[in-house]
>>> print(open('input08.txt').read())   # compact mmCIF, C-alpha atoms
# COMPACT_ATOMS: atom_id res chain seq x y z
CA MET A 129 41.87 76.84 -22.88
CA ILE A 130 42.21 74.43 -20.00
CA LYS A 131 39.52 71.86 -19.71
CA THR A 132 38.55 70.81 -16.23
CA VAL A 133 37.79 67.15 -16.02
CA SER A 134 35.46 66.19 -13.24
CA LEU A 135 36.41 62.90 -11.70
CA PRO A 136 33.76 60.37 -10.74
CA PHE A 137 32.85 60.42 -7.05
CA PRO A 138 34.35 57.02 -6.05
CA ILE A 139 37.77 58.11 -7.35
CA ILE A 140 37.60 61.40 -5.46
CA GLU A 141 36.54 59.54 -2.35
CA LYS A 142 39.37 57.02 -2.74
CA ARG A 143 41.88 59.81 -3.16
CA ALA A 144 40.57 61.62 -0.10
CA VAL A 145 40.74 58.43 1.93
CA ALA A 146 44.28 57.73 0.72
CA GLU A 147 45.41 61.29 1.54
CA LYS A 148 43.85 61.06 4.97
CA ALA A 149 45.50 57.70 5.61
CA ALA A 150 48.89 59.06 4.52
CA LYS A 151 48.54 62.05 6.84
CA GLU A 152 47.52 59.85 9.74
CA SER A 153 50.39 57.48 9.07
CA LYS A 154 52.83 60.40 9.07
CA ILE A 155 51.53 61.64 12.43
CA PHE A 156 51.71 58.13 13.86
CA GLU A 157 55.32 57.73 12.73
CA ALA A 158 56.17 61.07 14.36
CA LEU A 159 54.57 59.89 17.59
CA MET A 160 56.46 56.59 17.47
CA ALA A 161 59.65 58.62 17.86
CA HIS A 162 58.59 59.22 21.49
CA LYS A 163 58.16 55.54 22.28
CA GLU A 164 61.03 55.45 24.81
CA LYS A 165 59.64 58.44 26.68
CA VAL A 166 56.23 56.81 26.71
CA PHE A 167 57.76 53.58 27.99
CA LEU A 168 59.60 55.42 30.77
CA ILE A 169 56.48 57.28 31.87
CA CYS A 170 54.68 53.94 31.96
CA LEU A 171 57.57 52.57 34.01
CA GLY A 172 57.05 55.34 36.53
CA PHE A 173 53.39 54.53 36.92
CA SER A 174 53.77 50.75 36.86
CA ARG A 175 56.05 48.69 39.10
CA ASN A 176 58.07 46.72 36.59
CA PRO A 177 59.36 47.04 32.99
CA ALA A 178 57.14 44.23 31.68
CA ASP A 179 53.99 46.04 32.74
CA ALA A 180 55.45 49.29 31.43
CA GLU A 181 55.95 47.76 27.99
CA ASP A 182 52.42 46.39 27.91
CA LEU A 183 51.14 49.79 28.93
CA ALA A 184 53.18 51.48 26.21
CA GLN A 185 51.67 49.06 23.66
CA GLU A 186 48.24 49.92 24.97
CA VAL A 187 48.99 53.62 24.66
CA TYR A 188 50.04 53.29 21.02
CA LEU A 189 47.02 51.16 20.17
CA LYS A 190 44.79 53.88 21.61
CA VAL A 191 46.72 56.48 19.66
CA TYR A 192 46.33 54.47 16.44
CA LYS A 193 42.63 54.05 17.05
CA ASN A 194 42.06 57.77 17.64
CA ILE A 195 44.66 59.20 15.29
CA GLU A 196 41.93 60.77 13.14
CA THR A 197 41.06 63.11 16.02
CA VAL A 198 44.50 64.74 15.83
CA LYS A 199 44.12 68.04 14.00
CA ASP A 200 47.48 69.64 14.67
CA SER A 201 50.53 67.42 14.26
CA GLU A 202 52.60 69.91 16.32
CA LEU A 203 50.38 69.41 19.35
CA SER A 204 50.11 65.65 18.90
CA LYS A 205 53.09 65.11 21.21
CA TYR A 206 51.20 66.58 24.17
CA TRP A 207 48.17 64.53 23.26
CA LEU A 208 50.36 61.41 23.28
CA PHE A 209 51.60 62.17 26.79
CA LYS A 210 48.05 62.83 27.93
CA VAL A 211 46.94 59.46 26.56
CA THR A 212 49.92 57.88 28.32
CA ARG A 213 49.05 59.47 31.63
CA ASN A 214 45.37 58.49 31.37
CA THR A 215 46.17 54.92 30.38
CA CYS A 216 48.60 54.57 33.26
CA LEU A 217 46.16 56.05 35.77
CA ASP A 218 43.48 53.63 34.53
CA PHE A 219 45.90 50.73 34.86
CA HIS A 220 46.87 51.86 38.34
CA ARG A 221 43.23 52.16 39.39
CA LYS A 222 42.43 48.67 38.12
CA ASN A 223 45.51 47.02 39.61
CA LYS A 224 45.70 48.84 42.91
CA HIS A 225 45.91 45.69 44.95
CA ARG A 226 48.20 43.71 42.66
CA ARG A 227 51.71 43.04 43.91
CA HIS A 228 54.71 43.35 41.63
CA SER A 229 58.41 43.02 42.01
CA PRO A 230 60.06 46.41 41.43
CA LEU A 231 62.32 45.15 38.73
CA GLY A 232 61.57 42.54 36.13
CA PRO A 233 63.04 39.07 36.33
CA GLU A 234 65.08 39.65 33.22
CA SER A 235 66.87 42.77 34.49
CA GLU A 236 70.58 42.16 34.15
CA PRO A 237 72.92 42.90 37.04
CA SER A 238 75.62 45.36 36.22
CA GLU A 239 79.09 43.84 36.55
CA SER A 240 80.63 46.88 38.24
CA ILE A 241 78.20 46.66 41.14
CA THR A 242 78.70 44.14 43.90
CA PRO A 243 75.79 41.87 44.80
CA GLU A 244 75.50 43.53 48.23
CA SER A 245 75.25 47.05 46.87
CA GLN A 246 72.88 45.81 44.20
CA LEU A 247 70.67 44.33 46.89
CA VAL A 248 70.68 47.63 48.80
CA SER A 249 69.97 49.52 45.64
CA ARG A 250 67.04 47.22 44.83
CA GLU A 251 65.67 47.64 48.32
CA ASN A 252 65.94 51.41 48.10
CA LEU A 253 64.26 51.40 44.72
CA ARG A 254 61.47 49.22 46.07
CA SER A 255 60.82 51.66 48.94
CA LEU A 256 61.07 54.63 46.57
CA LYS A 257 58.49 53.09 44.23
CA ALA A 258 56.23 52.40 47.18
CA ALA A 259 56.63 56.00 48.33
CA ILE A 260 55.80 57.31 44.85
CA GLN A 261 52.59 55.27 44.88
CA GLN A 262 51.63 56.91 48.17
CA LEU A 263 51.88 60.44 46.78
CA PRO A 264 48.67 62.35 46.05
CA LYS A 265 47.54 61.86 42.45
CA LYS A 266 48.41 65.36 41.24
CA GLN A 267 51.85 65.33 42.79
CA LYS A 268 52.50 61.81 41.58
CA GLU A 269 51.72 62.55 37.93
CA VAL A 270 53.87 65.68 37.90
CA PHE A 271 56.75 63.84 39.55
CA ILE A 272 56.61 60.83 37.21
CA LEU A 273 56.25 62.89 34.05
CA ARG A 274 59.21 65.00 35.12
CA GLU A 275 61.55 62.34 36.54
CA TYR A 276 60.72 59.42 34.26
CA GLY A 277 59.50 61.20 31.10
CA ASP A 278 62.06 64.02 31.33
CA LEU A 279 59.40 66.54 30.30
CA SER A 280 60.27 70.21 30.69
CA TYR A 281 58.24 72.47 32.95
CA GLN A 282 56.52 73.98 29.91
CA GLU A 283 55.72 70.56 28.45
CA LEU A 284 54.28 69.52 31.81
CA ALA A 285 52.18 72.67 31.91
CA ASP A 286 50.85 71.94 28.41
CA VAL A 287 50.10 68.28 29.08
CA LEU A 288 48.42 68.85 32.43
CA LYS A 289 46.88 72.19 31.41
CA ILE A 290 48.16 74.01 34.46
CA ASN A 291 50.47 76.99 35.02
CA ARG A 292 54.20 76.60 34.94
CA GLY A 293 54.30 77.88 38.52
CA THR A 294 51.82 75.25 39.62
CA VAL A 295 53.98 72.60 37.98
CA MET A 296 57.01 73.76 39.92
CA SER A 297 55.20 73.98 43.24
CA ARG A 298 53.60 70.54 42.80
CA LEU A 299 56.95 69.04 41.89
CA ASN A 300 58.60 70.62 44.91
CA ARG A 301 55.87 69.35 47.21
CA ALA A 302 56.15 65.88 45.69
CA ARG A 303 59.90 65.79 46.34
CA GLN A 304 59.42 67.00 49.91
CA ALA A 305 56.75 64.38 50.48
CA LEU A 306 58.97 61.68 49.04
CA THR A 307 61.90 62.54 51.28
CA ASN A 308 59.58 62.49 54.28
CA LEU A 309 58.13 59.14 53.23
CA MET A 310 61.59 57.68 52.64
CA LYS A 311 62.74 58.86 56.08
CA GLY A 312 59.66 57.44 57.76
CA MET B 121 59.45 81.20 50.68
CA LYS B 122 60.18 77.62 51.57
CA LYS B 123 63.79 76.54 51.36
CA THR B 124 64.88 73.00 50.79
CA HIS B 125 66.98 71.69 53.61
CA PRO B 126 70.51 70.55 52.56
CA SER B 127 69.86 67.06 53.91
CA ASN B 128 66.70 66.96 51.81
CA ASN B 129 68.73 67.91 48.76
CA LYS B 130 71.01 64.95 49.38
CA GLU B 131 68.04 62.61 49.61
CA ILE B 132 66.47 64.07 46.51
CA PHE B 133 69.73 63.51 44.68
CA GLU B 134 69.79 59.93 45.96
CA PHE B 135 66.36 59.00 44.73
CA THR B 136 66.88 60.86 41.44
CA ASP B 137 69.95 58.68 41.03
CA LEU B 138 67.94 55.57 41.83
CA ILE B 139 65.34 56.49 39.25
CA GLN B 140 68.03 57.15 36.70
CA LYS B 141 69.53 53.71 37.22
CA GLU B 142 66.12 52.08 37.00
CA LYS B 143 65.42 53.92 33.74
CA GLU B 144 68.72 52.88 32.19
CA GLU B 145 68.20 49.23 33.02
CA ALA B 146 64.62 49.27 31.79
CA LEU B 147 65.60 51.04 28.57
CA GLN B 148 68.27 48.43 27.85
CA ARG B 149 65.63 45.77 28.15
CA PHE B 150 63.15 47.80 26.15
CA ARG B 151 65.56 48.32 23.24
CA LYS B 152 66.17 44.59 23.02
CA GLN B 153 62.47 43.92 22.77
CA GLU B 154 60.98 44.46 19.36
CA PHE B 155 58.43 46.98 20.46
CA GLY B 156 57.68 48.25 16.94
CA SER B 157 57.12 44.86 15.38
CA ARG B 158 54.94 43.71 18.27
CA LEU B 159 52.89 46.86 17.95
CA LYS B 160 52.51 46.39 14.18
CA GLN B 161 51.24 42.89 14.74
CA ARG B 162 48.68 44.07 17.26
CA ILE B 163 47.60 46.87 14.93
CA LYS B 164 47.14 44.36 12.09
CA GLU B 165 44.95 42.26 14.34
CA LYS B 166 42.87 45.32 15.14
CA GLU B 167 42.86 46.41 11.49
CA SER B 168 41.25 43.14 10.39
CA THR B 169 38.29 43.90 12.62
CA ARG B 170 38.17 47.56 11.62
CA PRO B 171 35.44 48.66 9.13
CA SER B 172 36.36 49.73 5.60
CA PRO B 173 37.50 53.38 5.41
CA SER B 174 35.13 54.16 2.52
CA VAL B 175 32.20 53.75 4.85
CA PHE B 176 33.83 55.78 7.63
CA TRP B 177 30.53 57.49 8.19
CA PHE B 178 29.16 54.26 9.54
CA ARG B 179 31.98 53.80 12.01
CA LYS B 180 29.91 55.43 14.67
CA PRO B 181 27.36 52.78 15.59
CA VAL B 182 24.97 55.24 17.20
CA ILE B 183 24.51 57.17 13.95
CA ALA B 184 24.08 53.99 11.91
CA ALA B 185 21.59 52.59 14.42
CA GLY B 186 19.68 55.88 14.43
CA ILE B 187 19.39 55.95 10.64
CA VAL B 188 18.26 52.34 10.47
CA LEU B 189 15.65 52.97 13.19
CA LEU B 190 14.38 56.06 11.40
CA LEU B 191 14.03 54.13 8.13
CA ILE B 192 12.14 51.35 9.88
CA VAL B 193 9.73 53.83 11.50
CA LEU B 194 9.20 55.64 8.19
CA GLY B 195 8.54 52.34 6.42
CA TRP B 196 6.04 51.34 9.08
CA VAL B 197 4.22 54.70 8.84
CA VAL B 198 4.02 54.50 5.05
CA SER B 199 2.91 50.86 4.98
CA THR B 200 0.23 51.15 7.68
CA GLN B 201 -0.85 54.73 6.84
CA VAL B 202 -1.33 55.41 10.53
CA PHE B 203 -1.52 59.16 10.12
CA ALA B 204 -3.52 59.20 6.85
CA PRO B 205 -7.12 60.51 7.21
CA THR B 206 -9.98 58.03 6.95
CA PRO B 207 -12.30 58.25 3.88
CA TYR B 208 -14.99 59.76 6.13
CA GLU B 209 -12.57 62.42 7.39
CA ARG B 210 -11.53 63.21 3.83
CA ASP B 211 -15.17 63.60 2.71
CA ALA B 212 -16.05 65.69 5.75
CA ARG B 213 -13.11 67.99 5.11
CA PHE B 214 -14.06 68.34 1.44
CA ILE B 215 -17.71 69.13 2.24
CA LYS B 216 -16.70 71.62 4.91
CA LYS B 217 -14.39 73.40 2.51
CA ALA B 218 -16.97 73.51 -0.29
CA LEU B 219 -19.69 74.79 2.02
CA ALA B 220 -17.39 77.39 3.51
CA GLN B 221 -16.59 78.70 0.04
CA SER B 222 -20.19 78.79 -1.14
CA PHE B 223 -21.63 80.36 2.00
CA GLU B 224 -18.84 82.78 2.60
CA THR B 225 -20.29 85.57 0.46
CA HIS B 226 -23.88 85.10 1.59
CA GLU B 227 -23.06 84.89 5.27
CA LEU B 228 -21.09 88.09 4.98
CA ILE B 229 -24.02 89.87 3.38
CA ILE B 230 -26.41 88.63 6.05
CA ALA B 231 -24.08 89.71 8.82
CA GLN B 232 -23.80 93.19 7.34
CA SER B 233 -27.42 93.72 6.43
CA VAL B 234 -29.34 92.13 9.27
CA PRO B 235 -29.27 94.20 12.47
CA GLN B 236 -28.74 92.31 15.68
CA ILE B 237 -32.26 92.34 17.04
CA GLU B 238 -33.26 90.50 20.12
CA PRO B 239 -36.32 88.34 19.49
CA GLN B 240 -39.17 90.15 21.10
CA PRO B 241 -42.40 88.73 22.32
CA GLY B 242 -45.08 89.09 19.72
CA SER B 243 -42.60 89.33 16.81
CA ASP B 244 -41.29 86.56 14.58
CA ASN B 245 -38.23 84.68 15.67
CA LEU B 246 -34.98 86.08 14.32
CA HIS B 247 -33.92 82.59 13.45
CA GLU B 248 -36.89 82.29 11.19
CA PHE B 249 -35.99 85.63 9.62
CA GLU B 250 -32.45 84.46 8.88
CA TRP B 251 -33.77 81.38 7.24
CA SER B 252 -36.03 83.55 5.14
CA LEU B 253 -32.97 85.44 3.94
CA LYS B 254 -31.16 82.18 3.24
CA ARG B 255 -34.10 81.04 1.19
CA VAL B 256 -33.72 84.21 -0.83
CA ILE B 257 -30.07 83.35 -1.42
CA TYR B 258 -30.89 79.82 -2.52
CA SER B 259 -33.55 81.16 -4.85
CA ALA B 260 -31.01 83.53 -6.31
CA GLN B 261 -28.64 80.62 -6.82
CA ARG B 262 -31.32 78.57 -8.53
CA GLU B 263 -32.23 81.46 -10.80
CA ASN B 264 -28.55 82.01 -11.64
CA ILE B 265 -28.65 85.58 -10.45
CA PRO B 266 -25.10 86.95 -10.28
CA ASP B 267 -23.62 87.53 -6.81
CA SER B 268 -23.18 91.23 -7.47
CA ASP B 269 -26.98 91.64 -7.65
CA ILE B 270 -27.65 89.93 -4.36
CA PRO B 271 -26.88 92.96 -2.12
CA GLN B 272 -29.36 95.00 -4.16
CA ILE B 273 -32.05 92.35 -3.76
CA PHE B 274 -31.38 92.22 -0.05
CA SER B 275 -31.56 95.95 0.36
CA GLN B 276 -35.02 95.88 -1.18
CA VAL B 277 -36.09 92.91 0.91
CA LEU B 278 -34.78 94.52 4.11
CA LEU B 279 -36.44 97.81 3.35
CA LYS B 280 -39.75 96.09 2.91
CA ALA B 281 -39.17 94.02 6.01
CA ALA B 282 -38.41 97.19 8.01
CA GLN B 283 -41.55 98.84 6.78
CA PHE B 284 -43.53 95.73 7.58
CA ARG B 285 -42.08 95.58 11.05
CA GLU B 286 -42.85 99.22 11.69
CA THR B 287 -46.45 98.65 10.87
CA GLU B 288 -46.52 95.52 13.00
CA ASP B 289 -45.09 97.38 16.03
CA LYS B 290 -47.70 100.08 15.79
CA GLY B 291 -50.35 97.43 15.07
CA PRO B 292 -53.34 98.08 17.39
CA GLU B 293 -52.79 101.89 17.50
CA GLU B 294 -52.73 102.17 13.72
CA LEU B 295 -55.80 100.06 13.47
CA LYS B 296 -57.47 102.41 15.93
CA ASP B 297 -56.34 105.46 13.86
CA LYS B 298 -57.61 103.73 10.76
CA ASN B 299 -60.98 103.30 12.35
CA GLU B 300 -61.01 106.88 13.56
CA ASN B 301 -59.66 108.54 10.40
CA GLY B 302 -61.04 106.07 7.99
CA HIS B 303 -57.68 105.42 6.22
CA LEU B 304 -54.17 104.18 6.85
CA PHE B 305 -51.03 106.21 6.06
CA GLU B 306 -49.81 105.69 2.58
CA GLU B 307 -46.67 103.65 2.13
CA LYS B 308 -45.43 105.96 -0.56
CA ASN B 309 -44.96 108.85 1.85
CA PRO B 310 -43.66 107.61 5.19
CA GLN B 311 -42.55 111.18 6.15
CA GLN B 312 -46.13 112.24 6.26
CA THR B 313 -46.90 109.54 8.77
CA PHE B 314 -43.97 110.64 10.84
CA PHE B 315 -45.27 114.20 11.02
CA GLN B 316 -48.70 112.94 11.86
CA ILE B 317 -47.33 110.99 14.77
CA GLN B 318 -45.29 113.99 15.96
CA ASP B 319 -48.37 116.15 16.01
>>> encode(input="input08.txt", output="structure tokens")
Amino acid sequence: MIKTVSLPFPIIEKRAVAEKAAKESKIFEALMAHKEKVFLICLGFSRNPADAEDLAQEVYLKVYKNIETVKDSELSKYWLFKVTRNTCLDFHRKNKHRRHSPLGPESEPSESITPESQLVSRENLRSLKAAIQQLPKKQKEVFILREYGDLSYQELADVLKINRGTVMSRLNRARQALTNLMKG
Amino acid sequence: MKKTHPSNNKEIFEFTDLIQKEKEEALQRFRKQEFGSRLKQRIKEKESTRPSPSVFWFRKPVIAAGIVLLLIVLGWVVSTQVFAPTPYERDARFIKKALAQSFETHELIIAQSVPQIEPQPGSDNLHEFEWSLKRVIYSAQRENIPDSDIPQIFSQVLLKAAQFRETEDKGPEELKDKNENGHLFEEKNPQQTFFQIQD
């Protein structure tokens, strides 16, 4: 006959806490695998890599703080991108009038590119970034998540909770608007 | 359906290329930075200010504050006995309850046996009559007569009272008859009186 031994409550509680912590840690590690994507999305929303890195740190701190709210580890990826988007939009709202250089001071010039072409490229990038900032909010977020985060149409639809068709039409409109802004 | 102009396509390709270059450069920089270790350090700093996981229930300050407030209010209520009845109220309630129990049976009997008669001029006040009945009840209580006998006593009392009232109503006429006939009807045979009156 098997005897069931009832454990005292503090031990059960400690075990439950340990199991919960292990599960949360596992989810967090899985989310850390997307850190480059998160950084790139932040780069799209911010104007230089330094800000993007700070934003990415902020995103992961938020994720760590609220990791216990994640029920499904499969869907946690979309949650991470949502947190990223919200953090970036908050940052953008707070720092609307701040001026940044498009590229960080530590960005290294590529040897194959001449200084003239590099200067042109920088200028183009600066105007492109400015144009992106002028896009309507919905178009901007779709464009950045697609172009910087390399999210698929389906992933975009899941993160933004919109139809795949809406994703495509918004993205198309964003591109059209950008070309018009760049021309003007 | 809208079609993208070829020149637009070229421009789109151009800025996609620009973005790609920007991403590559930024990623190079990002990979050199120790993002993970910096993050761990920041998490440790946060962790030191984080409450112990065993009391995770108390992480939500609103719940904790609510419980503490509730305990304080309960303590105050118990210590000051704000809602407890005063000694007078307690006594009054006790007396009311005892009286209700003791009078319940008697009041019921009175209500059933006494007809609702309007006090008429010349007759005794109904209020006085009720008190007479109550006196009977109190007498029965004093004499330790069981409750089951009380209805019987009342039926006798009421019968006599009805007879008395009948004679009182007919008062002067009966007295006249008595003078004329030389006798009053006999109580033992009220039917006889009835027939006499009919005639």
>>> interface_residues(input="input08.txt", of="chain B", to="chain A", cutoff="8 Å", atoms="all atoms listed in the file", output="mmCIF file with C-alpha atoms, in the frame of the given file")
data_model
loop_
_atom_site.group_PDB
_atom_site.id
_atom_site.type_symbol
_atom_site.label_atom_id
_atom_site.label_comp_id
_atom_site.auth_asym_id
_atom_site.auth_seq_id
_atom_site.Cartn_x
_atom_site.Cartn_y
_atom_site.Cartn_z
ATOM 1 C CA ASN B 128 66.700 66.960 51.810
ATOM 2 C CA GLU B 131 68.040 62.610 49.610
ATOM 3 C CA ILE B 132 66.470 64.070 46.510
ATOM 4 C CA PHE B 135 66.360 59.000 44.730
ATOM 5 C CA THR B 136 66.880 60.860 41.440
ATOM 6 C CA LEU B 138 67.940 55.570 41.830
ATOM 7 C CA ILE B 139 65.340 56.490 39.250
ATOM 8 C CA GLU B 142 66.120 52.080 37.000
ATOM 9 C CA LYS B 143 65.420 53.920 33.740
ATOM 10 C CA GLU B 145 68.200 49.230 33.020
ATOM 11 C CA ALA B 146 64.620 49.270 31.790
ATOM 12 C CA LEU B 147 65.600 51.040 28.570
ATOM 13 C CA ARG B 149 65.630 45.770 28.150
ATOM 14 C CA PHE B 150 63.150 47.800 26.150
ATOM 15 C CA PHE B 155 58.430 46.980 20.460
ATOM 16 C CA LEU B 159 52.890 46.860 17.950
ATOM 17 C CA ARG B 162 48.680 44.070 17.260
ATOM 18 C CA ILE B 163 47.600 46.870 14.930
ATOM 19 C CA PRO B 173 37.500 53.380 5.410
ATOM 20 C CA SER B 174 35.130 54.160 2.520
#
>>> atom_distance(input="input08.txt", atom1="CA of Val187 in chain A", atom2="CA of Leu208 in chain A")
8.0 Å
>>> atom_distance(input="input08.txt", atom1="CA of Val256 in chain B", atom2="CA of Ala282 in chain B")
16.4 Å
>>> residues_around(input="input08.txt", residues="Pro264 in chain A", least_positions_apart="3", cutoff="12 Å", atoms="only C-alpha atoms", output="ChimeraX atom specification")
/A:259-261,267-272,298-299,301-303,305-306
>>> atom_distance(input="input08.txt", atom1="CA of Asn214 in chain A", atom2="CA of Ser168 in chain B")
26.3 Å
>>> residues_around(input="input08.txt", residues="His220 in chain A", least_positions_apart="3", cutoff="8 Å", atoms="all atoms listed in the file", output="ChimeraX atom specification")
/A:173-174,216-217,223-224
>>> write_last_selection(input="input08.txt", atoms="C-alpha atoms", output="PDB file, in the coordinates of the input")
ATOM      1  CA  PHE A 173      53.390  54.530  36.920  1.00  0.00           C
ATOM      2  CA  SER A 174      53.770  50.750  36.860  1.00  0.00           C
ATOM      3  CA  CYS A 216      48.600  54.570  33.260  1.00  0.00           C
ATOM      4  CA  LEU A 217      46.160  56.050  35.770  1.00  0.00           C
ATOM      5  CA  ASN A 223      45.510  47.020  39.610  1.00  0.00           C
ATOM      6  CA  LYS A 224      45.700  48.840  42.910  1.00  0.00           C
TER       7      LYS A 224
END
>>> axis_aligned_box(input="input08.txt", around="range 244-258 of chain A", padding_each_side="4 Å", output="AutoDock Vina command-line options")
--center_x 65.9 --center_y 49.1 --center_z 46.6 --size_x 27.3 --size_y 19.1 --size_z 12.7
>>> residues_around(input="input08.txt", residues="range 287-291 of chain A", least_positions_apart="5", cutoff="7 Å", atoms="only C-alpha atoms", output="ChimeraX atom specification")
/A:206,209-210
